[in-house]
Each structure stands twice: as structure tokens, then as C-alpha cells.
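Shown next: target15.csv, given as CSV, C-alpha atoms (C1' of nucleotides).
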chain,number,residue,atom,x,y,z
A,1,MET,CA,75.0,100.4,-20.0
A,2,SER,CA,71.7,98.9,-18.8
A,3,LEU,CA,71.2,95.2,-18.4
A,4,THR,CA,68.0,93.5,-19.7
A,5,VAL,CA,67.1,90.1,-18.4
A,6,ALA,CA,64.3,87.9,-19.6
A,7,SER,CA,62.9,84.6,-18.3
A,8,TRP,CA,60.4,82.3,-20.1
A,9,ASN,CA,59.1,78.8,-19.4
A,10,ILE,CA,59.0,77.9,-23.1
A,11,ASN,CA,57.4,74.3,-22.7
A,12,SER,CA,59.6,72.8,-25.5
A,13,VAL,CA,62.2,75.0,-27.1
A,14,ARG,CA,62.3,72.9,-30.3
A,15,LEU,CA,58.6,73.4,-30.8
A,16,ARG,CA,58.8,77.1,-30.2
A,17,SER,CA,62.2,78.2,-31.4
A,18,ARG,CA,60.5,80.5,-34.0
A,19,GLN,CA,58.5,82.2,-31.2
A,20,VAL,CA,61.6,82.7,-29.2
A,21,GLY,CA,63.2,84.4,-32.2
A,22,LEU,CA,60.2,86.8,-32.5
A,23,PHE,CA,60.5,87.6,-28.8
A,24,LEU,CA,64.2,88.3,-29.0
A,25,ASP,CA,63.7,90.6,-32.1
A,26,ARG,CA,61.2,92.6,-30.1
A,27,TYR,CA,62.8,92.8,-26.7
A,28,ARG,CA,66.5,92.3,-27.4
A,29,PRO,CA,67.3,91.1,-23.8
A,30,ASP,CA,71.0,90.8,-23.0
A,31,VAL,CA,70.3,87.5,-21.4
A,32,LEU,CA,67.4,85.1,-21.9
A,33,CYS,CA,66.7,82.3,-19.4
A,34,LEU,CA,64.5,79.4,-20.6
A,35,GLN,CA,62.9,76.7,-18.6
A,36,GLU,CA,61.2,73.4,-19.6
A,37,THR,CA,63.3,73.2,-22.7
A,38,LYS,CA,62.4,69.5,-22.9
A,39,CYS,CA,65.5,69.0,-25.0
A,40,PRO,CA,68.8,67.1,-24.7
A,41,ASP,CA,71.8,69.4,-25.1
A,42,ASN,CA,72.9,67.9,-28.4
A,43,ARG,CA,69.5,68.6,-29.9
A,44,PHE,CA,69.1,72.2,-28.7
A,45,PRO,CA,68.2,74.6,-31.6
A,46,LEU,CA,71.1,77.0,-31.4
A,47,LYS,CA,70.8,78.7,-34.8
A,48,PRO,CA,68.1,81.3,-34.1
A,49,PHE,CA,70.1,82.4,-31.0
A,50,ARG,CA,73.5,82.5,-32.7
A,51,ALA,CA,72.0,84.4,-35.6
A,52,ARG,CA,70.9,87.1,-33.2
A,53,GLY,CA,74.2,87.5,-31.3
A,54,TYR,CA,73.5,85.2,-28.4
A,55,SER,CA,76.9,83.5,-28.7
A,56,ASP,CA,77.4,82.4,-25.1
A,57,VAL,CA,75.1,79.6,-24.2
A,58,LEU,CA,74.8,77.4,-21.1
A,59,LEU,CA,72.6,74.3,-21.6
A,60,ASN,CA,71.3,72.0,-18.8
A,61,GLY,CA,68.8,69.8,-20.6
A,62,GLN,CA,67.6,66.3,-20.5
A,63,LYS,CA,65.3,64.2,-22.7
A,64,GLY,CA,61.6,64.7,-22.6
A,65,TYR,CA,61.0,67.1,-19.7
A,66,HIS,CA,62.5,69.7,-17.4
A,67,GLY,CA,65.7,71.5,-18.7
A,68,VAL,CA,67.0,75.0,-18.5
A,69,ALA,CA,69.1,77.1,-20.8
A,70,THR,CA,70.8,80.5,-20.5
A,71,LEU,CA,71.6,82.5,-23.7
A,72,SER,CA,73.6,85.7,-23.6
A,73,ARG,CA,74.9,88.5,-25.8
A,74,ARG,CA,77.5,89.2,-23.0
A,75,PRO,CA,80.3,86.8,-22.5
A,76,PHE,CA,80.2,84.3,-19.7
A,77,LEU,CA,83.0,84.8,-17.2
A,78,ALA,CA,82.0,81.6,-15.3
A,79,THR,CA,79.3,79.0,-15.4
A,80,ASN,CA,77.8,76.4,-13.0
A,81,LYS,CA,75.1,73.8,-12.8
A,82,ARG,CA,73.8,72.7,-9.4
A,83,ASP,CA,72.1,69.3,-8.8
A,84,PHE,CA,69.3,69.8,-6.3
A,85,CYS,CA,68.1,67.0,-4.1
A,86,GLY,CA,70.6,64.6,-5.6
A,87,LYS,CA,68.2,63.7,-8.4
A,88,GLY,CA,70.5,64.4,-11.3
A,89,ASP,CA,67.7,66.3,-13.1
A,90,ALA,CA,68.2,69.5,-15.1
A,91,ARG,CA,66.9,72.5,-13.0
A,92,HIS,CA,69.6,75.0,-12.6
A,93,ALA,CA,72.1,77.0,-14.7
A,94,ALA,CA,74.2,79.8,-13.3
A,95,VAL,CA,76.3,82.3,-15.3
A,96,THR,CA,78.5,85.2,-14.4
A,97,ILE,CA,78.6,88.1,-16.9
A,98,PRO,CA,80.3,91.5,-16.9
A,99,ASP,CA,78.1,94.5,-15.8
A,100,ALA,CA,78.7,98.1,-14.9
A,101,GLY,CA,82.5,97.7,-14.5
A,102,GLY,CA,82.0,94.6,-12.3
A,103,GLU,CA,80.1,91.4,-12.7
A,104,VAL,CA,76.7,89.9,-12.0
A,105,THR,CA,75.8,86.2,-11.3
A,106,LEU,CA,72.5,85.1,-12.7
A,107,HIS,CA,70.8,81.9,-11.5
A,108,ASN,CA,68.2,80.3,-13.8
A,109,VAL,CA,66.0,77.9,-11.8
A,110,TYR,CA,63.1,75.5,-12.5
A,111,VAL,CA,61.5,74.5,-9.3
A,112,PRO,CA,59.5,71.2,-9.3
A,113,SER,CA,55.8,71.7,-10.0
A,114,GLY,CA,54.8,69.4,-7.1
A,115,GLY,CA,52.0,67.2,-8.5
A,116,ASP,CA,48.4,67.4,-7.6
A,117,VAL,CA,48.0,66.6,-3.9
A,118,PRO,CA,49.5,69.1,-1.5
A,119,ASP,CA,50.5,66.5,1.1
A,120,PRO,CA,54.2,65.4,1.2
A,121,THR,CA,53.3,62.2,3.0
A,122,VAL,CA,51.2,60.8,0.1
A,123,ASN,CA,52.7,62.8,-2.8
A,124,ASP,CA,56.4,62.3,-3.5
A,125,LYS,CA,56.4,65.2,-6.0
A,126,PHE,CA,55.1,67.6,-3.4
A,127,ALA,CA,57.7,66.3,-0.9
A,128,HIS,CA,60.4,66.9,-3.6
A,129,LYS,CA,59.1,70.4,-4.1
A,130,LEU,CA,59.3,71.3,-0.4
A,131,ALA,CA,62.8,69.7,-0.1
A,132,PHE,CA,63.9,71.7,-3.2
A,133,LEU,CA,62.8,75.0,-1.7
A,134,ASP,CA,64.4,74.1,1.6
A,135,GLU,CA,67.7,73.3,-0.2
A,136,MET,CA,67.5,76.5,-2.1
A,137,LYS,CA,67.2,78.4,1.1
A,138,ALA,CA,70.1,76.7,2.7
A,139,TRP,CA,72.2,77.2,-0.4
A,140,LEU,CA,71.3,80.9,-1.0
A,141,ASN,CA,71.5,81.7,2.7
A,142,GLY,CA,73.4,84.9,2.5
A,143,SER,CA,75.8,83.7,-0.2
A,144,GLU,CA,74.8,86.3,-2.8
A,145,THR,CA,73.2,89.0,-0.5
A,146,ASP,CA,76.0,91.5,-0.8
A,147,ARG,CA,77.0,90.8,-4.3
A,148,PRO,CA,75.2,91.8,-7.6
A,149,ALA,CA,73.1,88.7,-8.3
A,150,ILE,CA,69.9,87.9,-10.1
A,151,LEU,CA,67.6,84.9,-9.6
A,152,VAL,CA,65.1,84.1,-12.3
A,153,GLY,CA,62.9,81.2,-13.3
A,154,ASP,CA,59.8,79.2,-13.0
A,155,LEU,CA,59.6,79.0,-9.2
A,156,ASN,CA,56.2,77.3,-9.5
A,157,VAL,CA,55.0,79.2,-6.4
A,158,ALA,CA,52.6,82.2,-6.5
A,159,PRO,CA,53.7,83.7,-3.2
A,160,HIS,CA,51.1,86.5,-2.6
A,161,PRO,CA,47.3,86.7,-2.6
A,162,ALA,CA,47.3,88.9,-5.7
A,163,ASP,CA,49.5,86.4,-7.5
A,164,VAL,CA,46.5,84.1,-8.1
A,165,TRP,CA,43.1,84.7,-9.6
A,166,SER,CA,41.4,83.6,-6.3
A,167,HIS,CA,43.5,83.5,-3.1
A,168,LYS,CA,40.7,81.7,-1.2
A,169,GLN,CA,40.1,79.1,-3.8
A,170,LEU,CA,43.7,78.3,-4.3
A,171,LEU,CA,44.8,77.9,-0.7
A,172,ASP,CA,44.6,74.2,-1.1
A,173,VAL,CA,46.0,74.1,-4.7
A,174,VAL,CA,49.6,73.3,-5.3
A,175,SER,CA,51.5,76.5,-6.1
A,176,HIS,CA,49.7,78.6,-3.5
A,177,THR,CA,49.5,76.5,-0.3
A,178,PRO,CA,50.9,78.1,2.8
A,179,VAL,CA,53.7,75.6,3.2
A,180,GLU,CA,54.9,76.6,-0.3
A,181,THR,CA,54.4,80.4,-0.1
A,182,GLU,CA,55.9,80.5,3.4
A,183,ARG,CA,59.0,78.7,2.1
A,184,LEU,CA,59.4,80.9,-0.9
A,185,ASN,CA,58.9,84.1,1.1
A,186,ALA,CA,61.4,82.9,3.7
A,187,LEU,CA,64.1,82.1,1.2
A,188,GLN,CA,63.5,85.5,-0.5
A,189,ALA,CA,63.8,87.3,2.9
A,190,VAL,CA,67.0,85.4,4.0
A,191,GLY,CA,68.8,86.5,0.8
A,192,ASP,CA,67.4,90.0,1.0
A,193,TRP,CA,66.1,89.6,-2.6
A,194,THR,CA,63.9,92.2,-4.2
A,195,ASP,CA,61.0,90.8,-6.3
A,196,ALA,CA,61.5,92.9,-9.4
A,197,ILE,CA,58.0,92.3,-10.7
A,198,ARG,CA,56.2,93.3,-7.5
A,199,HIS,CA,58.6,96.2,-7.1
A,200,PHE,CA,56.7,97.9,-9.9
A,201,ALA,CA,53.1,96.6,-9.0
A,202,PRO,CA,51.1,97.5,-5.9
A,203,PRO,CA,50.4,94.5,-3.6
A,204,GLU,CA,46.7,94.4,-4.5
A,205,GLU,CA,47.2,94.4,-8.2
A,206,LYS,CA,46.7,91.0,-9.8
A,207,VAL,CA,49.7,89.9,-11.8
A,208,PHE,CA,50.0,86.6,-13.6
A,209,THR,CA,52.6,84.9,-15.8
A,210,TRP,CA,50.8,81.6,-16.4
A,211,TRP,CA,47.4,80.6,-17.7
A,212,SER,CA,46.2,77.0,-18.0
A,213,TYR,CA,45.8,75.4,-21.4
A,214,ARG,CA,42.4,74.1,-20.2
A,215,ALA,CA,40.5,77.3,-20.3
A,216,ARG,CA,38.5,77.8,-23.5
A,217,ASP,CA,39.5,81.5,-23.5
A,218,TRP,CA,42.5,82.2,-21.3
A,219,ARG,CA,42.0,86.0,-21.4
A,220,ALA,CA,38.2,85.9,-20.7
A,221,SER,CA,38.5,83.5,-17.8
A,222,ASN,CA,41.8,85.0,-16.6
A,223,ARG,CA,42.4,82.3,-14.0
A,224,GLY,CA,46.1,82.9,-13.9
A,225,ARG,CA,49.0,82.6,-11.5
A,226,ARG,CA,52.3,84.4,-11.1
A,227,LEU,CA,54.8,81.5,-11.1
A,228,ASP,CA,57.7,83.1,-12.9
A,229,HIS,CA,59.9,85.5,-11.1
A,230,ILE,CA,63.0,87.8,-11.4
A,231,TRP,CA,64.7,88.7,-8.1
A,232,VAL,CA,67.7,90.9,-7.6
A,233,THR,CA,70.0,91.5,-4.6
A,234,ARG,CA,70.4,94.8,-2.9
A,235,PRO,CA,73.3,96.1,-5.0
A,236,LEU,CA,71.0,95.9,-8.0
A,237,ALA,CA,67.7,96.9,-6.4
A,238,GLY,CA,68.4,100.6,-6.7
A,239,ARG,CA,69.0,100.3,-10.4
A,240,LEU,CA,65.7,98.6,-11.3
A,241,GLU,CA,64.2,100.5,-14.2
A,242,SER,CA,61.2,98.5,-15.4
A,243,ALA,CA,59.5,95.1,-15.3
A,244,GLU,CA,57.2,93.7,-18.0
A,245,ILE,CA,55.0,90.7,-18.3
A,246,VAL,CA,54.7,89.9,-22.0
A,247,SER,CA,51.3,88.4,-21.9
A,248,ALA,CA,50.8,88.9,-25.7
A,249,THR,CA,52.7,85.7,-26.4
A,250,ARG,CA,49.9,83.7,-24.7
A,251,SER,CA,47.7,84.6,-27.7
A,252,TRP,CA,50.3,83.5,-30.3
A,253,LYS,CA,49.6,80.3,-32.2
A,254,ARG,CA,50.5,77.2,-30.2
A,255,PRO,CA,51.7,79.2,-27.2
A,256,SER,CA,53.6,78.2,-24.1
A,257,ASP,CA,51.3,78.3,-21.1
A,258,HIS,CA,53.8,80.6,-19.5
A,259,VAL,CA,54.7,84.1,-20.8
A,260,PRO,CA,58.0,85.9,-20.6
A,261,VAL,CA,59.0,88.3,-17.9
A,262,VAL,CA,61.5,91.0,-18.7
A,263,VAL,CA,63.3,93.3,-16.3
A,264,ARG,CA,65.6,96.2,-17.1
A,265,ILE,CA,68.3,97.3,-14.8
A,266,GLY,CA,69.8,100.7,-15.4
A,267,SER,CA,73.4,101.9,-15.6
A,268,ALA,CA,75.2,102.0,-12.2
B,1,DA,C1',33.1,69.3,-7.8
B,2,DT,C1',34.3,68.8,-12.3
B,3,DG,C1',36.4,69.4,-16.4
B,4,DG,C1',39.2,70.7,-19.4
B,5,DC,C1',44.5,71.1,-22.7
B,6,DT,C1',49.4,70.3,-24.4
B,7,DA,C1',53.9,68.0,-25.1
B,8,DA,C1',57.4,64.1,-25.4
B,9,DC,C1',58.1,59.6,-26.6
B,10,DA,C1',60.8,52.4,-26.7
B,11,DA,C1',54.7,56.5,-29.6
B,12,DC,C1',48.3,55.6,-30.6
B,13,DG,C1',48.7,55.2,-24.1
B,14,DT,C1',51.5,56.9,-20.5
B,15,DT,C1',53.8,60.5,-17.9
B,16,DA,C1',54.4,65.3,-16.9
B,17,DG,C1',52.9,69.8,-16.4
B,18,DA,C1',50.2,73.2,-12.4

Kindly transcribe the structure held in the file into C-alpha cells.
Amino acid sequence: MSLTVASWNINSVRLRSRQVGLFLDRYRPDVLCLQETKCPDNRFPLKPFRARGYSDVLLNGQKGYHGVATLSRRPFLATNKRDFCGKGDARHAAVTIPDAGGEVTLHNVYVPSGGDVPDPTVNDKFAHKLAFLDEMKAWLNGSETDRPAILVGDLNVAPHPADVWSHKQLLDVVSHTPVETERLNALQAVGDWTDAIRHFAPPEEKVFTWWSYRARDWRASNRGRRLDHIWVTRPLAGRLESAEIVSATRSWKRPSDHVPVVVRIGSA
DNA sequence: ATGGCTAACAACGTTAGA
């Protein structure tokens, strides 16, 4: 049986629970990972998920901002939430689910955006982002490499030149600076992760998952970035079947500025 | 270089997003 995983920075799950329902009806992922739920756990809108068979739910939310949630049609065998940088903020949820006669661990991560100024000595948010990426690397250093594992989320870094609308113009813009892209690429390499989206797109093809709210016409200006990612470890890489960026949701009424990414992993 | 938008909330401005 194949495994379909989706990740979506929803930018307020309460405001867009209806949109999430439409997405689930169309794509039927086995697991949906949300980021920026902006919702305390006791106010999370569970009904649309339960109604569609997503009975296993791991919430790591907080009031007002950040927050992640993992919702699954397969049962959780184990769950975990990690506190990065000792901040006590809601940026990680891990679940283990049955798959192909064994099990898969799935990490749902929301990396800090990093503020405006790409200088850690004057911008605490950027310092936090770099420290977060460093901690992720130390934590994932080989721990999942040989096991079936998936890492998804809004990593807030567009690692490759074709992951932004203009490589040259974004080299000094937070999300695409060399200190960020080098860190993300290093942590990907040390865990031997396969970038499932790039796996299906040639390196020169522009691929985006986020478009600013500030453009008059997001599609016409197309100044996007690829900030949302799905990575898999080697035991799963050979089973990758497809990857899709669901950019249609960006044109829905009152959309999130991020769109879903969906990856299908075939039977073992 | 600038400007422009959206969301939450001790809510009509501030903080956060990227």
C-alpha cells in the first residue's frame, strides 16, 4: 500500500479549516502536516478532520503564532515533540506510523522565519534561525539515516538557485542567504536525505511553494520561493512515485501564502 | 529602493510573517 504525505503552512487553521477539508477531499493524503496553525490545542478545529477519517492527531500549538499539527488516517505507534533552542515554542511534531510491514517516523517542522536583516549580530530572529538549523543538524546527524523516515515542513529556506524567482536578487534576502542555504544543504547531506520535490524536477526548473501576499497578482509577478519541503531517507527514496505542488490553492478565496506539497511513496 | 498584504489579539495599533 502506498503512502501519501502532505505538508501545508496553513497560516491559521481556524480561518481555513474549510479549505483544508477541500484539499483533503481532493488529495486524500494518509498524513497531513500543518504549520503556522496559530491555534492553542484546546481550540483546534478537529471536526473536519475526524469526519474524513483523520482520527489520529498530534497537536503542538500555542496562542497567536507558530504551531504545528499532524493528522493521520493511519494509527500513531509513537509520538514526540521536541523543543528547539530551549524556547518552549511550538515548532515540531513527530509521529511513527505503520508502513509496508514496518514503520515510518515523520517529522513535521516549522523553522523560524528569521526576520528582516540577515545579520545574527543585530537581528535576534536571524540568530535564532541559524541556531535552530545548527541544532537540527546535530539532532538529525545520522539518527534517522538508515531507517524509513520523512521530514516535512516549512523550513523557511529556499536552498537552490531555482528555488527563488531571482537568485541574484535574493542572495541578501532572508531565506536565500548563503549562511542559510549552506546550513540547510549540510543538514540534508549529513542525514543522507532525498529532497522529494527536487527528485522530480530538474535543477534549473523554477519551483515555488510560497508567494507573497503583497503582489497585486501573485501568478503574474510569480516572485515565489520554495520554502516548504518533503525529505525522505534512503530506505524510502527508491519508492518515491510522485511529488506535486498544489499551487491552485493560492488562488482560492482568502488563501494561505503557502501552498500544499504532496508526495506519494509507492508500495515496498 | 520602495512598496506592498494578511493574521492574531489584553484588539482599532502592535507583533509576526518572509

(request) Could you check which of A:Asn60, A:Thr105, A:Ser72, A:Thr37 is closest to chain B, using all atoms listed in the file? (result) A:Thr37

(request) Point out the residue among A:Pro118, A:Gly101, A:Gly224, A:Pro235 with the least atom-to-atom distance to Ala158 in chain A, counting all atoms listed in the file. (result)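 So, comparing all the options, the nearest one is A:Gly224.
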
(request) Enumerate as a count of residues only the residues belonging to chain A that approach chain B to within 6 Å, with all atoms listed in the file taken into account. (result) 3

(message) One number please: CA of Val68 in chain A to CA of Val262 in chain A, in Å, one decimal.
(response) 16.9 Å

Ser113 in chain A surroundings by all atoms listed in the file, 7 Å radius, close-in-sequence under 2 positions cut, as a PDB file with C-alpha atoms (C1' of nucleotides), keeping the file's coordinate frame:
ATOM      1  CA  VAL A 111      61.500  74.500  -9.300  1.00  0.00           C
ATOM      2  CA  GLY A 115      52.000  67.200  -8.500  1.00  0.00           C
ATOM      3  CA  LYS A 129      59.100  70.400  -4.100  1.00  0.00           C
ATOM      4  CA  ASN A 156      56.200  77.300  -9.500  1.00  0.00           C
TER       5      ASN A 156
ATOM      6  C1'  DA B  18      50.200  73.200 -12.400  1.00  0.00           C
TER       7       DA B  18
END

(request) Could you tell me which of A:Asn42, A:Ser12, A:Ser267, A:Asn108 comes closest to Leu236 in chain A if we count all atoms listed in the file? (result)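 For Leu236 in chain A, the nearest of the candidates is A:Ser267.
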
(request) Kindly give the distance, in Å, that separates CA of Asp41 in chain A and CA of Val232 in chain A, rounded to a single decimal. (result) 28.0 Å

(request) Compile the contact shell of Arg147 in chain A as a ChimeraX atom specification: residues with an atom at most 12 Å away, counting all atoms listed in the file, same-chain residues fewer than 4 positions apart removed. (result) /A:96,102-106,140,142-143,191-193,232-237

Export of the given selection (C-alpha atoms) as a PDB file, in the frame of the given file:
ATOM      1  CA  THR A  96      78.500  85.200 -14.400  1.00  0.00           C
ATOM      2  CA  GLY A 102      82.000  94.600 -12.300  1.00  0.00           C
ATOM      3  CA  GLU A 103      80.100  91.400 -12.700  1.00  0.00           C
ATOM      4  CA  VAL A 104      76.700  89.900 -12.000  1.00  0.00           C
ATOM      5  CA  THR A 105      75.800  86.200 -11.300  1.00  0.00           C
ATOM      6  CA  LEU A 106      72.500  85.100 -12.700  1.00  0.00           C
ATOM      7  CA  LEU A 140      71.300  80.900  -1.000  1.00  0.00           C
ATOM      8  CA  GLY A 142      73.400  84.900   2.500  1.00  0.00           C
ATOM      9  CA  SER A 143      75.800  83.700  -0.200  1.00  0.00           C
ATOM     10  CA  GLY A 191      68.800  86.500   0.800  1.00  0.00           C
ATOM     11  CA  ASP A 192      67.400  90.000   1.000  1.00  0.00           C
ATOM     12  CA  TRP A 193      66.100  89.600  -2.600  1.00  0.00           C
ATOM     13  CA  VAL A 232      67.700  90.900  -7.600  1.00  0.00           C
ATOM     14  CA  THR A 233      70.000  91.500  -4.600  1.00  0.00           C
ATOM     15  CA  ARG A 234      70.400  94.800  -2.900  1.00  0.00           C
ATOM     16  CA  PRO A 235      73.300  96.100  -5.000  1.00  0.00           C
ATOM     17  CA  LEU A 236      71.000  95.900  -8.000  1.00  0.00           C
ATOM     18  CA  ALA A 237      67.700  96.900  -6.400  1.00  0.00           C
TER      19      ALA A 237
END

(message) What's around Val95 in chain A at 8 Å? Count only C-alpha atoms (C1' of nucleotides), leave out sequence neighbours fewer than 3 positions away in its own chain, and write the answer as a PyMOL selection string.
(response) chain A and resi 58+70+76-80+105-107

(request) Fewer than 2 positions away in the same chain doesn't count, so skip those; otherwise give me all residues within 7 Å of Tyr65 in chain A, counting only C-alpha atoms (C1' of nucleotides), as an MDAnalysis selection string. (result) chainID A and resid 36 38 62:63 67

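Relative to CA of Arg74 in chain A, CA of Lys47 in chain A is found at 17.2 Å.
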
Selection: 9 Å around range 137-139 of chain A, all atoms listed in the file, excl. self and same-chain fewer than 4 positions, as a PDB file with C-alpha atoms, in the coordinates of the input:
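File produced: out.pdb:
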ATOM      1  CA  PHE A 132      63.900  71.700  -3.200  1.00  0.00           C
ATOM      2  CA  LEU A 133      62.800  75.000  -1.700  1.00  0.00           C
ATOM      3  CA  SER A 143      75.800  83.700  -0.200  1.00  0.00           C
ATOM      4  CA  ARG A 183      59.000  78.700   2.100  1.00  0.00           C
ATOM      5  CA  LEU A 184      59.400  80.900  -0.900  1.00  0.00           C
ATOM      6  CA  ALA A 186      61.400  82.900   3.700  1.00  0.00           C
ATOM      7  CA  LEU A 187      64.100  82.100   1.200  1.00  0.00           C
ATOM      8  CA  GLN A 188      63.500  85.500  -0.500  1.00  0.00           C
ATOM      9  CA  VAL A 190      67.000  85.400   4.000  1.00  0.00           C
ATOM     10  CA  GLY A 191      68.800  86.500   0.800  1.00  0.00           C
TER      11      GLY A 191
END

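Residues with at least one atom no more than 8 Å from (81.3, 83.0, -26.4), using all atoms listed in the file, are Ser55, Asp56, Val57, Pro75 and Phe76 of chain A.
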
Would you mind exporting C-alpha atoms of the selected residues as a PDB file, keeping the file's coordinate frame?
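Result file is again_33.pdb:
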ATOM      1  CA  SER A  55      76.900  83.500 -28.700  1.00  0.00           C
ATOM      2  CA  ASP A  56      77.400  82.400 -25.100  1.00  0.00           C
ATOM      3  CA  VAL A  57      75.100  79.600 -24.200  1.00  0.00           C
ATOM      4  CA  PRO A  75      80.300  86.800 -22.500  1.00  0.00           C
ATOM      5  CA  PHE A  76      80.200  84.300 -19.700  1.00  0.00           C
TER       6      PHE A  76
END

Give me range 121-143 of chain A with N, CA and C atoms filled in, as a CSV table (one decimal), in the coordinates of the input.
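Here's the written file part39.csv:
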chain,number,residue,atom,x,y,z
A,121,THR,N,53.2,63.6,2.6
A,121,THR,CA,53.3,62.2,3.0
A,121,THR,C,52.6,61.2,2.0
A,122,VAL,N,51.8,61.7,1.1
A,122,VAL,CA,51.2,60.8,0.1
A,122,VAL,C,51.7,61.2,-1.3
A,123,ASN,N,52.3,62.3,-1.5
A,123,ASN,CA,52.7,62.8,-2.8
A,123,ASN,C,54.2,63.1,-2.8
A,124,ASP,N,54.9,62.2,-3.5
A,124,ASP,CA,56.4,62.3,-3.5
A,124,ASP,C,56.8,63.6,-4.2
A,125,LYS,N,56.0,64.0,-5.2
A,125,LYS,CA,56.4,65.2,-6.0
A,125,LYS,C,56.3,66.4,-5.1
A,126,PHE,N,55.3,66.5,-4.3
A,126,PHE,CA,55.1,67.6,-3.4
A,126,PHE,C,56.2,67.6,-2.3
A,127,ALA,N,56.6,66.4,-1.8
A,127,ALA,CA,57.7,66.3,-0.9
A,127,ALA,C,59.0,66.8,-1.6
A,128,HIS,N,59.2,66.4,-2.8
A,128,HIS,CA,60.4,66.9,-3.6
A,128,HIS,C,60.4,68.4,-3.7
A,129,LYS,N,59.2,69.0,-4.0
A,129,LYS,CA,59.1,70.4,-4.1
A,129,LYS,C,59.5,71.2,-2.8
A,130,LEU,N,59.0,70.7,-1.7
A,130,LEU,CA,59.3,71.3,-0.4
A,130,LEU,C,60.8,71.1,-0.1
A,131,ALA,N,61.3,69.9,-0.4
A,131,ALA,CA,62.8,69.7,-0.1
A,131,ALA,C,63.6,70.6,-1.0
A,132,PHE,N,63.2,70.8,-2.2
A,132,PHE,CA,63.9,71.7,-3.2
A,132,PHE,C,64.0,73.1,-2.7
A,133,LEU,N,62.8,73.6,-2.2
A,133,LEU,CA,62.8,75.0,-1.7
A,133,LEU,C,63.6,75.1,-0.4
A,134,ASP,N,63.6,74.0,0.4
A,134,ASP,CA,64.4,74.1,1.6
A,134,ASP,C,65.9,74.1,1.3
A,135,GLU,N,66.3,73.3,0.2
A,135,GLU,CA,67.7,73.3,-0.2
A,135,GLU,C,68.1,74.6,-0.8
A,136,MET,N,67.2,75.2,-1.6
A,136,MET,CA,67.5,76.5,-2.1
A,136,MET,C,67.8,77.5,-1.0
A,137,LYS,N,67.0,77.5,0.0
A,137,LYS,CA,67.2,78.4,1.1
A,137,LYS,C,68.5,78.2,1.8
A,138,ALA,N,68.8,77.0,2.1
A,138,ALA,CA,70.1,76.7,2.7
A,138,ALA,C,71.3,77.1,1.9
A,139,TRP,N,71.1,76.9,0.6
A,139,TRP,CA,72.2,77.2,-0.4
A,139,TRP,C,72.4,78.7,-0.6
A,140,LEU,N,71.3,79.4,-0.7
A,140,LEU,CA,71.3,80.9,-1.0
A,140,LEU,C,71.5,81.7,0.3
A,141,ASN,N,71.4,81.0,1.4
A,141,ASN,CA,71.5,81.7,2.7
A,141,ASN,C,72.6,82.7,2.8
A,142,GLY,N,72.4,83.9,2.4
A,142,GLY,CA,73.4,84.9,2.5
A,142,GLY,C,74.6,84.9,1.5
A,143,SER,N,74.6,83.8,0.7
A,143,SER,CA,75.8,83.7,-0.2
A,143,SER,C,75.9,84.8,-1.2
